[in-house]
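Participant: I am attaching a structure below and will ask some questions about it afterwards.
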Amino acid sequence: MKIISSWSGGKDSCYALMQILKDNSYELISLLNMMNENGKISRSHGLPHAILNQQAAALGKPIKGIPATWGEYEENYIQGLKELKEKYNSEAVVYGDIDLESHREWEEKVCNATNHLALLPLWQQDRKELVYAMIDSGIKAIIVSCNKLLGEAFLGKEITRELVVLLEEKGVDVCGENGEYHTAVIDCPLFNKPVTVPKYNKVTHTNYCFLTWE
């Protein structure tokens with residue numbers, strides 16, 4: 001089965017893809033990433049092309065970046081899936097969502113609209129067990145944005161077992177499933193080489209902290 005990865009560039013979408021590809025009947029044909037309206041950084045995680053393109057190259061697969069405002073997001077996403085299906089005859093899309101029902105409903109909606117199957121291999125798994133499994137699987141990911149409860153000090157830190165303890169002490173969800181933080185994968189068993197992280201600065205806007213890329 002030919003599959004697309006709905007690729008945020010973070011740990012959840014990466015681990016979901018790793019789980020799916022354990023089954024040799026699945027073949028990854030492309031990554032799909034939604035960009036902001038100017039097409040410079042990813043919509044969900046704020047990652048620049050310098051990271052996303054390295055991740056795709058490390059996987060040995062193309063990446064389709066689709067610019068969109070929030071208002072255009074669904075329409076453009078569906079169009080992107082249609083274009084990938086026409087080009088590659090893709091059959092399914094892999095998502096890294098864990099237990100947010102509204103996310104699953106939306107993913108099934110856009111997949112149904114484009115004749116794809118929605119695959120959610122992490123669905124309903126325990127969040128803490130999942131983040132430990134990601135770490136133990138060899139995923140190396142750094143925090144690229146987080147809420148002010150964590151603050152700028154957490155930006156750039158690698159997700160490790162020791163950091164999970166600190167996240168718990170802060171009282172946030174250790175998997176970041178509620179948006180407490182987002183990550184960028186810099187290495188994993190699927191990559192043929194690690195990602196070189198570009199230079200960055202740390203900034204805070206309102207109640208959220210971000211890495212900004214030079």
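Please note that chains go A, B, ... in the order of the structure tokens, that every chain numbers its residues from 1, and that ligands are numbered from 1 in the order shown.
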Which neighbours of stretch 189-199 of chain A fall inside 6 Å, counting only C-alpha atoms, when residues of the same chain fewer than 2 positions from it are skipped, and could you give them as a CSV table (one decimal) with C-alpha atoms, in the first residue's frame?
Facilitator:
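Saved to part_13.csv:
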chain,number,residue,atom,x,y,z
A,54,GLN,CA,16.9,17.8,5.4
A,58,ALA,CA,17.3,11.8,5.2
A,59,LEU,CA,14.2,9.7,4.5
A,186,ILE,CA,16.9,15.7,14.2
A,187,ASP,CA,17.6,12.0,13.9
A,214,GLU,CA,18.4,32.5,10.8
Participant: At a cut-off of 10 Å, using only C-alpha atoms, what residues contact A:Thr69? Leave out same-chain residues fewer than 6 positions from it and give the result as a compact mmCIF listing (two decimals) with N, CA and C atoms, in the first residue's frame.
Facilitator:
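Printed below is result_36.txt as written:
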# COMPACT_ATOMS: atom_id res chain seq x y z
N MET A 34 1.96 21.19 5.80
CA MET A 34 1.25 22.46 5.61
C MET A 34 2.13 23.60 6.11
N MET A 35 2.32 24.60 5.23
CA MET A 35 3.16 25.75 5.53
C MET A 35 2.28 26.95 5.87
N ASN A 36 2.89 27.99 6.43
CA ASN A 36 2.12 29.21 6.65
C ASN A 36 1.86 29.90 5.31
N GLU A 37 1.10 31.00 5.33
CA GLU A 37 0.65 31.58 4.07
C GLU A 37 1.77 32.05 3.16
N ASN A 38 2.94 32.40 3.73
CA ASN A 38 4.05 32.82 2.86
C ASN A 38 4.96 31.66 2.47
N GLY A 39 4.64 30.46 2.97
CA GLY A 39 5.37 29.27 2.57
C GLY A 39 6.77 29.15 3.14
N ARG A 43 3.23 25.25 9.25
CA ARG A 43 2.10 25.83 9.97
C ARG A 43 2.03 25.35 11.41
N ASN A 76 -6.87 23.57 0.96
CA ASN A 76 -5.55 23.36 0.36
C ASN A 76 -4.98 21.98 0.71
Participant: Please, what distance in Å, to one decimal, runs between atom CA of A:Tyr132 and atom CA of A:Leu32?
Facilitator: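 A separation of 25.9 Å between them.
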Participant: Taking 3 positions as the minimum chain separation for residues in the same chain, which residues sit within 9 Å of A:Glu107 when counting only C-alpha atoms? Answer as a tab-separated table (two decimals) with N, CA and C atoms, in the first residue's frame.
Facilitator:
chain	number	residue	atom	x	y	z
A	93	VAL	N	-2.93	7.73	4.31
A	93	VAL	CA	-2.17	8.81	4.93
A	93	VAL	C	-1.94	8.46	6.39
A	95	TYR	N	-0.99	9.48	10.24
A	95	TYR	CA	-1.07	10.60	11.17
A	95	TYR	C	-0.52	10.20	12.53
A	102	SER	N	-11.40	15.15	17.84
A	102	SER	CA	-11.69	16.11	16.79
A	102	SER	C	-10.65	16.05	15.68
A	103	HIS	N	-9.40	15.76	16.06
A	103	HIS	CA	-8.34	15.63	15.06
A	103	HIS	C	-8.58	14.41	14.18
A	104	ARG	N	-8.95	13.30	14.82
A	104	ARG	CA	-9.21	12.08	14.05
A	104	ARG	C	-10.38	12.26	13.09
A	110	VAL	N	-10.94	14.42	5.55
A	110	VAL	CA	-10.14	14.82	4.38
A	110	VAL	C	-9.67	13.59	3.60
A	111	CYS	N	-9.44	12.49	4.30
A	111	CYS	CA	-9.05	11.26	3.60
A	111	CYS	C	-10.23	10.69	2.81
A	112	ASN	N	-11.41	10.72	3.39
A	112	ASN	CA	-12.59	10.25	2.66
A	112	ASN	C	-12.84	11.08	1.42
A	118	ALA	N	-7.21	6.70	6.36
A	118	ALA	CA	-6.48	7.39	7.43
A	118	ALA	C	-5.90	6.35	8.39
Participant: Find the nearest atom pair between each residue of stretch 16-134 of chain A and stretch 156-180 of chain A for residues within 9 Å, count only C-alpha atoms, give distances in Å to one decimal, sort rows by chain and ascending number, and present the table as JSON lines.
Facilitator:
{"residue": "A:Asp97", "atom": "CA", "partner": "A:Glu177", "partner_atom": "CA", "distance": 8.0}
{"residue": "A:Ile98", "atom": "CA", "partner": "A:Glu177", "partner_atom": "CA", "distance": 7.5}
{"residue": "A:Asp99", "atom": "CA", "partner": "A:Glu177", "partner_atom": "CA", "distance": 8.3}
{"residue": "A:Leu100", "atom": "CA", "partner": "A:Glu177", "partner_atom": "CA", "distance": 8.2}
{"residue": "A:Arg127", "atom": "CA", "partner": "A:Cys175", "partner_atom": "CA", "distance": 5.8}
{"residue": "A:Lys128", "atom": "CA", "partner": "A:Val174", "partner_atom": "CA", "distance": 6.1}
{"residue": "A:Leu130", "atom": "CA", "partner": "A:Cys175", "partner_atom": "CA", "distance": 7.6}
{"residue": "A:Val131", "atom": "CA", "partner": "A:Cys175", "partner_atom": "CA", "distance": 5.7}
{"residue": "A:Tyr132", "atom": "CA", "partner": "A:Arg161", "partner_atom": "CA", "distance": 6.8}
Participant: Atoms to include: C-alpha atoms. Write the selected residues as a PDB file, in the first residue's frame.
Facilitator:
ATOM      1  CA  ASP A  97      -2.448  11.880  16.623  1.00  0.00           C
ATOM      2  CA  ILE A  98      -2.947  10.033  19.892  1.00  0.00           C
ATOM      3  CA  ASP A  99      -6.333  10.719  21.430  1.00  0.00           C
ATOM      4  CA  LEU A 100      -7.876  14.011  20.300  1.00  0.00           C
ATOM      5  CA  ARG A 127       0.912   9.340  26.354  1.00  0.00           C
ATOM      6  CA  LYS A 128       3.719   8.814  28.843  1.00  0.00           C
ATOM      7  CA  LEU A 130       4.498   6.667  24.059  1.00  0.00           C
ATOM      8  CA  VAL A 131       7.030   9.397  24.717  1.00  0.00           C
ATOM      9  CA  TYR A 132       9.328   6.890  26.425  1.00  0.00           C
TER      10      TYR A 132
END
Participant: Please return, as a JSON list (two decimals) with N, CA and C atoms, in the first residue's frame, all residues of stretch 4-213 of chain A that DSSP assigns to alpha helix (DSSP H) on the basis of the backbone.
Facilitator:
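This is the output file states-v9.json:
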[["chain", "number", "residue", "atom", "x", "y", "z"],
["A", 11, "LYS", "N", 8.09, 14.65, 16.64],
["A", 11, "LYS", "CA", 8.28, 13.28, 17.11],
["A", 11, "LYS", "C", 7.07, 12.38, 16.85],
["A", 12, "ASP", "N", 5.84, 12.91, 16.98],
["A", 12, "ASP", "CA", 4.66, 12.06, 16.86],
["A", 12, "ASP", "C", 4.48, 11.55, 15.43],
["A", 13, "SER", "N", 4.58, 12.45, 14.45],
["A", 13, "SER", "CA", 4.42, 12.01, 13.06],
["A", 13, "SER", "C", 5.55, 11.07, 12.67],
["A", 14, "CYS", "N", 6.74, 11.31, 13.21],
["A", 14, "CYS", "CA", 7.89, 10.44, 12.92],
["A", 14, "CYS", "C", 7.68, 9.04, 13.49],
["A", 15, "TYR", "N", 7.28, 8.98, 14.75],
["A", 15, "TYR", "CA", 7.09, 7.67, 15.39],
["A", 15, "TYR", "C", 5.94, 6.91, 14.75],
["A", 16, "ALA", "N", 4.88, 7.62, 14.37],
["A", 16, "ALA", "CA", 3.76, 6.96, 13.69],
["A", 16, "ALA", "C", 4.24, 6.33, 12.39],
["A", 17, "LEU", "N", 5.07, 7.05, 11.65],
["A", 17, "LEU", "CA", 5.60, 6.52, 10.40],
["A", 17, "LEU", "C", 6.49, 5.31, 10.67],
["A", 18, "MET", "N", 7.31, 5.39, 11.70],
["A", 18, "MET", "CA", 8.17, 4.25, 12.06],
["A", 18, "MET", "C", 7.34, 3.01, 12.35],
["A", 19, "GLN", "N", 6.23, 3.19, 13.07],
["A", 19, "GLN", "CA", 5.39, 2.04, 13.42],
["A", 19, "GLN", "C", 4.76, 1.42, 12.18],
["A", 20, "ILE", "N", 4.26, 2.27, 11.29],
["A", 20, "ILE", "CA", 3.61, 1.78, 10.08],
["A", 20, "ILE", "C", 4.60, 1.02, 9.20],
["A", 49, "HIS", "N", 12.32, 25.53, 5.81],
["A", 49, "HIS", "CA", 12.68, 24.56, 4.77],
["A", 49, "HIS", "C", 14.03, 23.92, 5.07],
["A", 50, "ALA", "N", 14.93, 24.64, 5.72],
["A", 50, "ALA", "CA", 16.26, 24.11, 6.02],
["A", 50, "ALA", "C", 16.19, 22.84, 6.86],
["A", 51, "ILE", "N", 15.16, 22.71, 7.68],
["A", 51, "ILE", "CA", 14.98, 21.49, 8.47],
["A", 51, "ILE", "C", 14.11, 20.49, 7.72],
["A", 52, "LEU", "N", 12.98, 20.93, 7.20],
["A", 52, "LEU", "CA", 12.04, 20.02, 6.52],
["A", 52, "LEU", "C", 12.70, 19.31, 5.34],
["A", 53, "ASN", "N", 13.47, 20.06, 4.55],
["A", 53, "ASN", "CA", 14.11, 19.44, 3.38],
["A", 53, "ASN", "C", 15.19, 18.45, 3.78],
["A", 54, "GLN", "N", 15.89, 18.74, 4.88],
["A", 54, "GLN", "CA", 16.88, 17.78, 5.38],
["A", 54, "GLN", "C", 16.20, 16.50, 5.87],
["A", 55, "GLN", "N", 15.08, 16.64, 6.56],
["A", 55, "GLN", "CA", 14.35, 15.46, 7.03],
["A", 55, "GLN", "C", 13.91, 14.60, 5.85],
["A", 56, "ALA", "N", 13.35, 15.24, 4.82],
["A", 56, "ALA", "CA", 12.90, 14.50, 3.64],
["A", 56, "ALA", "C", 14.07, 13.81, 2.94],
["A", 57, "ALA", "N", 15.19, 14.53, 2.82],
["A", 57, "ALA", "CA", 16.36, 13.94, 2.18],
["A", 57, "ALA", "C", 16.89, 12.76, 2.99],
["A", 58, "ALA", "N", 16.84, 12.87, 4.32],
["A", 58, "ALA", "CA", 17.31, 11.79, 5.18],
["A", 58, "ALA", "C", 16.41, 10.57, 5.07],
["A", 59, "LEU", "N", 15.14, 10.79, 4.75],
["A", 59, "LEU", "CA", 14.20, 9.69, 4.52],
["A", 59, "LEU", "C", 14.29, 9.18, 3.08],
["A", 73, "TYR", "N", -6.86, 26.26, 5.06],
["A", 73, "TYR", "CA", -6.11, 25.06, 5.44],
["A", 73, "TYR", "C", -6.75, 23.78, 4.89],
["A", 74, "GLU", "N", -8.03, 23.57, 5.19],
["A", 74, "GLU", "CA", -8.66, 22.31, 4.78],
["A", 74, "GLU", "C", -8.74, 22.19, 3.26],
["A", 75, "GLU", "N", -9.14, 23.25, 2.61],
["A", 75, "GLU", "CA", -9.27, 23.22, 1.14],
["A", 75, "GLU", "C", -7.92, 22.91, 0.49],
["A", 76, "ASN", "N", -6.87, 23.57, 0.96],
["A", 76, "ASN", "CA", -5.55, 23.36, 0.36],
["A", 76, "ASN", "C", -4.98, 21.98, 0.71],
["A", 77, "TYR", "N", -5.29, 21.51, 1.92],
["A", 77, "TYR", "CA", -4.84, 20.17, 2.31],
["A", 77, "TYR", "C", -5.46, 19.11, 1.41],
["A", 78, "ILE", "N", -6.76, 19.22, 1.20],
["A", 78, "ILE", "CA", -7.46, 18.27, 0.34],
["A", 78, "ILE", "C", -6.89, 18.32, -1.08],
["A", 79, "GLN", "N", -6.64, 19.52, -1.58],
["A", 79, "GLN", "CA", -6.07, 19.64, -2.92],
["A", 79, "GLN", "C", -4.69, 18.99, -2.99],
["A", 80, "GLY", "N", -3.91, 19.16, -1.93],
["A", 80, "GLY", "CA", -2.59, 18.52, -1.89],
["A", 80, "GLY", "C", -2.67, 17.00, -1.94],
["A", 81, "LEU", "N", -3.61, 16.44, -1.19],
["A", 81, "LEU", "CA", -3.80, 14.99, -1.21],
["A", 81, "LEU", "C", -4.24, 14.51, -2.60],
["A", 82, "LYS", "N", -5.10, 15.27, -3.24],
["A", 82, "LYS", "CA", -5.56, 14.91, -4.59],
["A", 82, "LYS", "C", -4.39, 14.90, -5.57],
["A", 83, "GLU", "N", -3.52, 15.90, -5.45],
["A", 83, "GLU", "CA", -2.37, 15.98, -6.36],
["A", 83, "GLU", "C", -1.40, 14.82, -6.13],
["A", 84, "LEU", "N", -1.19, 14.45, -4.86],
["A", 84, "LEU", "CA", -0.31, 13.33, -4.57],
["A", 84, "LEU", "C", -0.92, 12.01, -5.05],
["A", 85, "LYS", "N", -2.22, 11.89, -4.91],
["A", 85, "LYS", "CA", -2.87, 10.66, -5.38],
["A", 85, "LYS", "C", -2.76, 10.53, -6.90],
["A", 86, "GLU", "N", -2.93, 11.66, -7.59],
["A", 86, "GLU", "CA", -2.83, 11.64, -9.05],
["A", 86, "GLU", "C", -1.40, 11.31, -9.49],
["A", 87, "LYS", "N", -0.42, 11.84, -8.75],
["A", 87, "LYS", "CA", 0.98, 11.63, -9.15],
["A", 87, "LYS", "C", 1.51, 10.25, -8.78],
["A", 88, "TYR", "N", 1.14, 9.78, -7.57],
["A", 88, "TYR", "CA", 1.74, 8.54, -7.06],
["A", 88, "TYR", "C", 0.76, 7.38, -6.86],
["A", 101, "GLU", "N", -10.12, 13.39, 19.63],
["A", 101, "GLU", "CA", -11.14, 12.87, 18.72],
["A", 101, "GLU", "C", -11.43, 13.83, 17.57],
["A", 102, "SER", "N", -11.40, 15.15, 17.84],
["A", 102, "SER", "CA", -11.69, 16.11, 16.79],
["A", 102, "SER", "C", -10.65, 16.05, 15.68],
["A", 103, "HIS", "N", -9.40, 15.76, 16.06],
["A", 103, "HIS", "CA", -8.34, 15.63, 15.06],
["A", 103, "HIS", "C", -8.58, 14.41, 14.18],
["A", 104, "ARG", "N", -8.95, 13.30, 14.82],
["A", 104, "ARG", "CA", -9.21, 12.08, 14.05],
["A", 104, "ARG", "C", -10.38, 12.26, 13.09],
["A", 105, "GLU", "N", -11.43, 12.91, 13.57],
["A", 105, "GLU", "CA", -12.59, 13.14, 12.72],
["A", 105, "GLU", "C", -12.22, 13.96, 11.49],
["A", 106, "TRP", "N", -11.38, 14.98, 11.69],
["A", 106, "TRP", "CA", -10.96, 15.81, 10.56],
["A", 106, "TRP", "C", -10.10, 15.01, 9.59],
["A", 107, "GLU", "N", -9.20, 14.21, 10.11],
["A", 107, "GLU", "CA", -8.31, 13.42, 9.26],
["A", 107, "GLU", "C", -9.11, 12.40, 8.44],
["A", 108, "GLU", "N", -10.08, 11.78, 9.04],
["A", 108, "GLU", "CA", -10.92, 10.83, 8.30],
["A", 108, "GLU", "C", -11.75, 11.57, 7.26],
["A", 109, "LYS", "N", -12.18, 12.78, 7.58],
["A", 109, "LYS", "CA", -12.97, 13.59, 6.64],
["A", 109, "LYS", "C", -12.17, 13.92, 5.38],
["A", 110, "VAL", "N", -10.94, 14.42, 5.55],
["A", 110, "VAL", "CA", -10.14, 14.82, 4.38],
["A", 110, "VAL", "C", -9.67, 13.59, 3.60],
["A", 111, "CYS", "N", -9.44, 12.49, 4.30],
["A", 111, "CYS", "CA", -9.05, 11.26, 3.60],
["A", 111, "CYS", "C", -10.23, 10.69, 2.81],
["A", 112, "ASN", "N", -11.41, 10.72, 3.39],
["A", 112, "ASN", "CA", -12.59, 10.25, 2.66],
["A", 112, "ASN", "C", -12.84, 11.08, 1.42],
["A", 113, "ALA", "N", -12.55, 12.39, 1.52],
["A", 113, "ALA", "CA", -12.77, 13.30, 0.40],
["A", 113, "ALA", "C", -11.81, 13.04, -0.76],
["A", 127, "ARG", "N", 0.01, 8.27, 26.78],
["A", 127, "ARG", "CA", 0.91, 9.34, 26.35],
["A", 127, "ARG", "C", 2.32, 9.20, 26.94],
["A", 128, "LYS", "N", 2.40, 8.92, 28.21],
["A", 128, "LYS", "CA", 3.72, 8.81, 28.84],
["A", 128, "LYS", "C", 4.49, 7.61, 28.30],
["A", 129, "GLU", "N", 3.80, 6.49, 28.16],
["A", 129, "GLU", "CA", 4.45, 5.31, 27.60],
["A", 129, "GLU", "C", 4.93, 5.58, 26.18],
["A", 130, "LEU", "N", 4.13, 6.35, 25.44],
["A", 130, "LEU", "CA", 4.50, 6.67, 24.06],
["A", 130, "LEU", "C", 5.77, 7.50, 23.99],
["A", 131, "VAL", "N", 5.85, 8.53, 24.82],
["A", 131, "VAL", "CA", 7.03, 9.40, 24.72],
["A", 131, "VAL", "C", 8.29, 8.64, 25.12],
["A", 132, "TYR", "N", 8.18, 7.73, 26.08],
["A", 132, "TYR", "CA", 9.33, 6.89, 26.42],
["A", 132, "TYR", "C", 9.68, 5.94, 25.28],
["A", 133, "ALA", "N", 8.65, 5.41, 24.62],
["A", 133, "ALA", "CA", 8.88, 4.51, 23.49],
["A", 133, "ALA", "C", 9.58, 5.25, 22.34],
["A", 134, "MET", "N", 9.18, 6.50, 22.13],
["A", 134, "MET", "CA", 9.82, 7.30, 21.09],
["A", 134, "MET", "C", 11.31, 7.50, 21.39],
["A", 135, "ILE", "N", 11.60, 7.84, 22.63],
["A", 135, "ILE", "CA", 12.99, 8.05, 23.03],
["A", 135, "ILE", "C", 13.79, 6.75, 22.87],
["A", 136, "ASP", "N", 13.21, 5.66, 23.38],
["A", 136, "ASP", "CA", 13.92, 4.37, 23.34],
["A", 136, "ASP", "C", 14.07, 3.83, 21.92],
["A", 137, "SER", "N", 13.20, 4.28, 21.00],
["A", 137, "SER", "CA", 13.27, 3.80, 19.62],
["A", 137, "SER", "C", 14.43, 4.44, 18.85],
["A", 161, "ARG", "N", 14.64, 10.97, 28.65],
["A", 161, "ARG", "CA", 13.93, 10.49, 29.83],
["A", 161, "ARG", "C", 14.07, 11.48, 30.98],
["A", 162, "GLU", "N", 15.22, 12.11, 31.08],
["A", 162, "GLU", "CA", 15.44, 13.09, 32.14],
["A", 162, "GLU", "C", 14.56, 14.33, 31.93],
["A", 163, "LEU", "N", 14.39, 14.73, 30.67],
["A", 163, "LEU", "CA", 13.55, 15.90, 30.39],
["A", 163, "LEU", "C", 12.07, 15.59, 30.67],
["A", 164, "VAL", "N", 11.66, 14.35, 30.42],
["A", 164, "VAL", "CA", 10.28, 13.97, 30.71],
["A", 164, "VAL", "C", 9.96, 14.19, 32.19],
["A", 165, "VAL", "N", 10.91, 13.88, 33.05],
["A", 165, "VAL", "CA", 10.73, 14.12, 34.49],
["A", 165, "VAL", "C", 10.52, 15.60, 34.75],
["A", 166, "LEU", "N", 11.31, 16.45, 34.10],
["A", 166, "LEU", "CA", 11.17, 17.89, 34.28],
["A", 166, "LEU", "C", 9.82, 18.38, 33.76],
["A", 167, "LEU", "N", 9.35, 17.81, 32.66],
["A", 167, "LEU", "CA", 8.04, 18.19, 32.12],
["A", 167, "LEU", "C", 6.93, 17.83, 33.11],
["A", 168, "GLU", "N", 7.06, 16.65, 33.71],
["A", 168, "GLU", "CA", 6.07, 16.24, 34.72],
["A", 168, "GLU", "C", 6.09, 17.18, 35.92],
["A", 169, "GLU", "N", 7.27, 17.57, 36.33],
["A", 169, "GLU", "CA", 7.39, 18.49, 37.46],
["A", 169, "GLU", "C", 6.75, 19.84, 37.16],
["A", 170, "LYS", "N", 6.76, 20.22, 35.89],
["A", 170, "LYS", "CA", 6.13, 21.47, 35.48],
["A", 170, "LYS", "C", 4.61, 21.34, 35.36]]
Participant: Between atom CA of A:Leu155 and atom CA of A:Leu211, measure the distance and give it in Å to one decimal.
Facilitator: 6.8 Å
Participant: What does the distance from atom CA of A:Pro48 to atom CA of A:Thr206 come to in Å, to one decimal?
Facilitator: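 Distance reported for this atom pair: 21.4 Å.
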Participant: Give me, as a list of chain:residue names, all polymer residues having an atom no more than 9 Å from A:Glu91, counting only C-alpha atoms and skipping those fewer than 4 positions away in the same chain.
Facilitator: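 Result of the neighbour search: A:Met1, A:Lys2, A:Ile3, A:Ile4, A:Lys85, A:Asn115, A:His116, A:Leu117.
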Participant: Neighbours of A:His45 within 10 Å (only C-alpha atoms; same-chain residues fewer than 3 positions away dropped), as a PyMOL selection string?
Facilitator: chain A and resi 8-10+34-35+41-42+48+143-145+181-184+210-211
